[in-house]
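input_22.txt (compact mmCIF, C-alpha atoms and all ligand atoms)
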```
# COMPACT_ATOMS: atom_id res chain seq x y z
CA MET A 653 150.31 181.47 108.04
CA ARG A 654 152.71 179.43 110.16
CA SER A 655 154.09 175.96 109.36
CA PHE A 656 154.70 173.32 111.99
CA GLY A 657 156.66 170.09 111.81
CA ASN A 658 159.77 168.88 110.11
CA PRO A 659 159.82 168.14 106.39
CA TYR A 660 162.23 165.24 107.07
CA PRO A 661 162.05 162.25 107.31
CA VAL A 662 158.27 162.49 106.98
CA LYS A 663 157.61 165.26 104.49
CA PHE A 664 154.76 166.97 106.28
CA LEU A 665 154.32 170.58 107.33
CA TYR A 666 151.13 171.48 109.14
CA LYS A 667 149.99 174.93 108.02
CA ASP A 668 147.75 176.94 110.32
CA PHE A 669 146.51 180.47 109.63
CA THR A 670 145.18 180.85 113.19
CA SER A 671 148.70 180.55 114.65
CA SER A 672 150.22 183.47 112.79
CA ASP A 673 151.08 186.60 114.78
CA SER A 674 149.31 188.60 112.10
CA SER A 675 146.36 186.26 111.56
CA ILE A 676 143.65 188.83 112.30
CA LEU A 677 144.48 191.31 109.54
CA PRO A 678 144.70 188.76 106.72
CA CYS A 679 141.38 187.35 107.89
CA ILE A 680 139.73 190.75 107.65
CA ASP A 681 141.22 191.25 104.19
CA ILE A 682 139.93 187.88 103.12
CA PHE A 683 136.42 188.65 104.31
CA LEU A 684 136.24 192.10 102.80
CA GLY A 685 138.11 191.35 99.60
CA PHE A 686 136.94 187.91 98.66
CA ILE A 687 134.52 185.91 100.70
CA MET A 688 131.86 188.51 101.38
CA PRO A 689 131.52 189.66 97.75
CA LYS A 690 131.48 186.05 96.69
CA ALA A 691 128.82 185.22 99.26
CA HIS A 692 126.66 188.06 97.96
CA LEU A 693 127.06 186.63 94.48
CA ARG A 694 125.89 183.26 95.77
CA ASN A 695 122.82 184.92 97.22
CA SER A 696 121.55 185.46 93.72
CA PHE A 697 121.65 181.70 93.22
CA PHE A 698 119.45 181.19 96.29
CA VAL A 699 121.95 179.32 98.42
CA LYS A 700 119.94 178.18 101.43
CA SER A 701 122.62 176.75 103.68
CA ILE A 702 126.31 177.12 104.39
CA GLN A 703 127.98 173.84 105.29
CA CYS A 704 131.09 174.32 107.42
CA VAL A 705 133.74 171.77 108.26
CA GLU A 706 135.01 171.61 111.85
CA ALA A 707 137.09 173.22 113.16
CA ARG A 708 138.73 176.03 111.22
CA GLY A 709 135.96 176.11 108.62
CA PHE A 710 133.74 177.39 111.45
CA ILE A 711 135.74 180.63 111.46
CA PHE A 712 134.70 181.50 107.91
CA GLY A 713 131.25 179.98 107.51
CA PRO A 714 129.01 181.75 110.05
CA PRO A 715 129.74 185.32 108.87
CA ILE A 716 128.94 184.24 105.32
CA ALA A 717 125.71 182.59 106.46
CA LEU A 718 124.77 185.82 108.28
CA ALA A 719 125.65 187.95 105.25
CA ILE A 720 123.38 186.06 102.88
CA GLY A 721 120.66 185.05 105.32
CA ALA A 722 121.42 181.34 104.96
CA LYS A 723 121.48 178.79 107.73
CA PHE A 724 124.75 177.52 109.16
CA VAL A 725 125.11 173.74 109.15
CA PRO A 726 128.12 172.26 110.96
CA MET A 727 129.87 169.14 109.68
CA ARG A 728 131.60 167.85 112.78
CA LYS A 729 134.23 165.45 114.04
CA PRO A 730 132.79 162.18 115.47
CA ASN A 731 130.63 162.08 118.62
CA LYS A 732 130.15 165.86 118.83
CA LEU A 733 126.63 166.20 117.46
CA PRO A 734 123.95 165.20 119.98
CA GLY A 735 121.28 163.83 117.62
CA ALA A 736 121.11 161.11 114.98
CA VAL A 737 123.86 161.56 112.38
CA ILE A 738 125.10 160.28 109.06
CA SER A 739 128.86 159.95 108.74
CA GLU A 740 131.67 159.54 106.21
CA GLU A 741 135.20 158.32 106.85
CA TYR A 742 137.91 160.10 104.86
CA SER A 743 141.69 160.37 104.49
CA LEU A 744 143.95 163.36 104.98
CA GLU A 745 147.73 163.76 104.72
CA TYR A 746 148.22 162.56 108.26
CA GLY A 747 145.66 159.77 108.66
CA THR A 748 141.93 159.23 108.59
CA ASP A 749 139.01 160.96 110.23
CA ILE A 750 135.22 160.82 110.34
CA MET A 751 132.82 163.64 109.51
CA GLU A 752 129.26 163.73 110.80
CA MET A 753 126.14 165.73 109.96
CA HIS A 754 122.78 165.74 111.74
CA VAL A 755 119.98 163.81 110.06
CA GLY A 756 117.47 166.40 108.81
CA ALA A 757 119.96 169.29 108.81
CA VAL A 758 119.65 169.61 105.04
CA GLN A 759 116.67 168.70 102.87
CA ALA A 760 116.74 166.99 99.47
CA GLY A 761 117.18 169.59 96.73
CA GLU A 762 118.49 172.27 99.10
CA ARG A 763 121.14 174.48 97.50
CA VAL A 764 124.26 174.54 99.63
CA LEU A 765 127.72 176.11 99.68
CA VAL A 766 130.53 174.21 101.44
CA ILE A 767 133.10 176.35 103.27
CA ASP A 768 136.47 175.32 104.71
CA ASP A 769 139.69 177.14 105.52
CA LEU A 770 142.15 174.99 103.61
CA ILE A 771 142.39 172.32 100.94
CA ALA A 772 145.34 169.92 101.06
CA THR A 773 144.51 166.47 99.64
CA GLY A 774 140.87 167.38 99.07
CA GLY A 775 139.71 164.41 101.17
CA THR A 776 137.76 166.59 103.61
CA LEU A 777 135.79 168.44 100.94
CA VAL A 778 135.05 165.21 99.09
CA ALA A 779 133.70 163.69 102.34
CA ALA A 780 131.51 166.76 102.86
CA MET A 781 130.17 166.41 99.33
CA LYS A 782 129.45 162.71 99.84
CA LEU A 783 127.43 163.43 102.99
CA LEU A 784 125.44 166.12 101.21
CA GLU A 785 124.80 163.93 98.19
CA ARG A 786 123.51 161.16 100.44
CA VAL A 787 120.70 163.49 101.55
CA GLY A 788 120.08 164.78 98.02
CA ALA A 789 121.42 168.31 98.54
CA SER A 790 122.40 170.40 95.53
CA ILE A 791 126.02 171.54 95.98
CA VAL A 792 126.56 174.92 94.34
CA GLU A 793 130.24 175.22 95.23
CA CYS A 794 133.00 174.32 97.67
CA ALA A 795 134.88 177.46 98.72
CA CYS A 796 138.10 177.41 100.71
CA VAL A 797 140.57 180.14 101.55
CA ILE A 798 143.94 178.45 101.11
CA GLU A 799 145.24 175.70 98.84
CA LEU A 800 148.47 173.79 99.41
CA PRO A 801 149.41 173.15 95.78
CA ASP A 802 152.46 171.06 96.72
CA LEU A 803 150.01 168.21 97.00
CA LYS A 804 149.09 168.62 93.32
CA VAL A 805 145.36 168.46 93.93
CA GLN A 806 143.42 169.92 91.05
CA SER A 807 141.01 171.76 93.29
CA VAL A 808 139.46 173.97 90.64
CA CYS A 809 136.61 171.51 90.63
CA PHE A 810 135.50 168.18 91.97
CA LEU A 811 133.13 165.81 90.25
CA ASN A 812 129.95 164.95 92.11
CA SER A 813 128.41 161.49 92.06
CA THR A 814 126.69 162.15 88.74
CA GLY A 815 129.94 163.32 87.14
CA GLU A 816 129.10 167.02 87.13
CA PRO A 817 131.86 169.45 88.08
CA VAL A 818 131.54 171.28 91.40
CA PRO A 819 133.92 174.24 91.62
CA ALA A 820 136.25 174.44 94.62
CA LEU A 821 138.14 177.66 94.24
CA PRO A 822 140.81 178.65 96.73
CA PHE A 823 141.59 182.28 97.46
CA LEU A 824 145.27 181.78 98.23
CA MET A 825 147.79 179.26 96.94
CA ASN A 826 150.80 179.14 99.28
CA ASN A 827 149.92 182.68 100.43
CA GLU A 828 149.79 184.02 96.87
CA PRO A 829 146.46 185.02 95.29
CA SER A 830 145.09 182.21 93.18
CA THR A 831 144.32 182.94 89.56
CA GLY A 832 141.11 180.92 89.70
CA PHE A 833 138.92 182.87 92.09
CA LEU A 834 136.18 185.26 91.10
O1 LIG B 901 142.25 168.65 101.98
P1 LIG B 901 142.49 167.76 103.15
O2 LIG B 901 143.72 166.91 103.01
O3 LIG B 901 141.29 166.93 103.47
O4 LIG B 901 142.80 168.66 104.40
C1 LIG B 901 142.09 169.84 104.69
C2 LIG B 901 141.50 169.83 106.07
O5 LIG B 901 142.55 169.67 107.04
C3 LIG B 901 142.38 170.65 108.05
O6 LIG B 901 141.48 170.21 109.03
P2 LIG B 901 141.94 169.38 110.28
O7 LIG B 901 140.93 168.26 110.41
O8 LIG B 901 143.37 168.99 110.18
O9 LIG B 901 141.92 170.37 111.49
P3 LIG B 901 140.89 171.37 112.15
O10 LIG B 901 139.90 170.53 112.84
O11 LIG B 901 141.76 172.17 113.06
O12 LIG B 901 140.28 172.26 111.10
C4 LIG B 901 141.75 171.82 107.33
O13 LIG B 901 141.08 172.70 108.21
C5 LIG B 901 140.81 171.15 106.35
O14 LIG B 901 139.54 170.89 106.91
N1 LIG B 902 149.58 170.27 105.63
C1 LIG B 902 148.43 170.60 106.23
N2 LIG B 902 148.35 171.71 106.96
C2 LIG B 902 147.18 172.04 107.54
N3 LIG B 902 146.06 171.32 107.47
C3 LIG B 902 146.12 170.20 106.74
N4 LIG B 902 145.17 169.29 106.45
C4 LIG B 902 145.73 168.35 105.68
N5 LIG B 902 147.02 168.62 105.45
C5 LIG B 902 147.28 169.79 106.09
```

Could you take the file, read its structure, and then write that structure out as structure tokens?
Ligand SMILES: O=P(O)(O)OC[C@H]1O[C@H](OP(=O)(O)OP(=O)(O)O)[C@H](O)[C@@H]1O
Ligand SMILES: Nc1ncnc2[nH]cnc12
Amino acid sequence: MRSFGNPYPVKFLYKDFTSSDSSILPCIDIFLGFIMPKAHLRNSFFVKSIQCVEARGFIFGPPIALAIGAKFVPMRKPNKLPGAVISEEYSLEYGTDIMEMHVGAVQAGERVLVIDDLIATGGTLVAAMKLLERVGASIVECACVIELPDLKVQSVCFLNSTGEPVPALPFLMNNEPSTGFL
């Protein structure tokens, strides 16, 4: 994974796994070693849809959806989806953004798995959960590949709107295997 930006005077390094010279091989390892087995495990819990956050979450979500026979539902940046949407504004390290999902993309009670590449502040995954809770979806888990623990987010689980824990287990923490994943 490569880092961009200067830590001083604004302490912010943008980390991007797609920019590494060796990004393809780690991705294959991640799929074979972690995400695919985990997705197969989820299959036994009848996950019906894989929610993926634009843009880099789209790299990991569709193969998982294919592997378990679930549908792929994109959660997109504003004004990208052509139909009626519901939206949530959220904060990241470097500002705010808006996430949108098509009305009717997920039904009430549907069991879903949220996939993204990276968790930094956790704002993006929380926004995804809020959108899904607004339509009554049942969130089984948030799964991401990389955590930036410098931000001190306790990403092992989030609480949903009814106070129940939703696990959000990263595979890597600063490029080292996390102790939390399955
Ligand atoms: O935990 P957070 O602080 O919310 O940050 C994590 C999000 O930030 C990045 O997306 P970003 O919108 O920067 O870029 P992308 O569209 O290239 O994926 C990353 O892909 C996550 O979705
Ligand atoms: N430091 C960071 N690097 C990459 N994506 C991010 N999203 C939020 N903070 C980030």

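The residue that comes closest to ligand LIG 902 (chain B), out of A:Gly788, A:Gly761, A:Pro730, A:Gly775 and on the basis of all atoms listed in the file, is A:Gly775.
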
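Relative to CA of Gly774 (chain A), CA of Phe712 (chain A) is found at 17.8 Å.
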
Centre and edges of the ligand LIG 901 (chain B) box, axis-aligned, 6 Å extra per side, as lines of an AutoDock Vina configuration file:
```
center_x = 141.6
center_y = 169.8
center_z = 107.5
size_x = 16.2
size_y = 17.8
size_z = 23.1
```

Site check for ligand LIG 902 (chain B): residues at most 6 Å away, all atoms listed in the file, as a VMD selection string:
chain A and resid 665 to 668 744 to 745 772

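Using all atoms listed in the file, residues with at least one atom at most 7 Å away from any atom of ligand LIG 901 (chain B) are Val705, Glu706, Ala707, Arg708, Gly709, Ser743, Leu744, Glu745, Asp768, Asp769, Leu770, Ile771, Ala772, Thr773, Gly774, Gly775, Thr776 and Leu777 of chain A.
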
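The shortest atom-to-atom distance to Val699 (chain A), with only C-alpha atoms taken into account, belongs to A:Val764 out of A:Val764, A:Val758, A:Ile798, A:Val725.
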
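Across the model, the gap from CA of Val792 (chain A) to CA of Val737 (chain A) is 22.6 Å.
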
Between CA of Leu765 (chain A) and CA of Glu793 (chain A), what distance in Å does the model show, to one decimal?
5.2 Å

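By chain and then residue number, the residues within 8 Å of Ala780 (chain A) are Val705, Met727, Glu740, Met751, Val766, Thr776, Leu777, Val778, Lys782, Leu783 and Leu784 of chain A, counting all atoms listed in the file and disregarding those fewer than 2 positions away in sequence.
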
Neighbour residues at most 10 Å from (132.4, 158.5, 111.7) (all atoms listed in the file) as a PDB file with C-alpha atoms, in the frame of the given file:
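Full text of selection19.pdb as output:
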```pdb
ATOM      1  CA  ARG A 728     131.600 167.850 112.780  1.00  0.00           C
ATOM      2  CA  LYS A 729     134.230 165.450 114.040  1.00  0.00           C
ATOM      3  CA  PRO A 730     132.790 162.180 115.470  1.00  0.00           C
ATOM      4  CA  ASN A 731     130.630 162.080 118.620  1.00  0.00           C
ATOM      5  CA  VAL A 737     123.860 161.560 112.380  1.00  0.00           C
ATOM      6  CA  ILE A 738     125.100 160.280 109.060  1.00  0.00           C
ATOM      7  CA  SER A 739     128.860 159.950 108.740  1.00  0.00           C
ATOM      8  CA  GLU A 740     131.670 159.540 106.210  1.00  0.00           C
ATOM      9  CA  GLU A 741     135.200 158.320 106.850  1.00  0.00           C
ATOM     10  CA  TYR A 742     137.910 160.100 104.860  1.00  0.00           C
ATOM     11  CA  ASP A 749     139.010 160.960 110.230  1.00  0.00           C
ATOM     12  CA  ILE A 750     135.220 160.820 110.340  1.00  0.00           C
ATOM     13  CA  MET A 751     132.820 163.640 109.510  1.00  0.00           C
ATOM     14  CA  GLU A 752     129.260 163.730 110.800  1.00  0.00           C
ATOM     15  CA  MET A 753     126.140 165.730 109.960  1.00  0.00           C
TER      16      MET A 753
END
```

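Using only C-alpha atoms for every distance, the candidate list A:Phe698, A:His754, A:Val797, A:Phe724 yields A:Phe724 as the residue closest to Phe710 (chain A).
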
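Among the candidate residues A:Asn658, A:Gln703, A:Ser671, A:Gln759, the one lying nearest to Met781 (chain A) is A:Gln703, with distances computed using only C-alpha atoms.
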
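For the set A:Leu733, A:Ile767, A:Thr670, A:Ala760, the residue with the smallest atom-to-atom gap to Ala717 (chain A) is A:Ile767, counting all atoms listed in the file.
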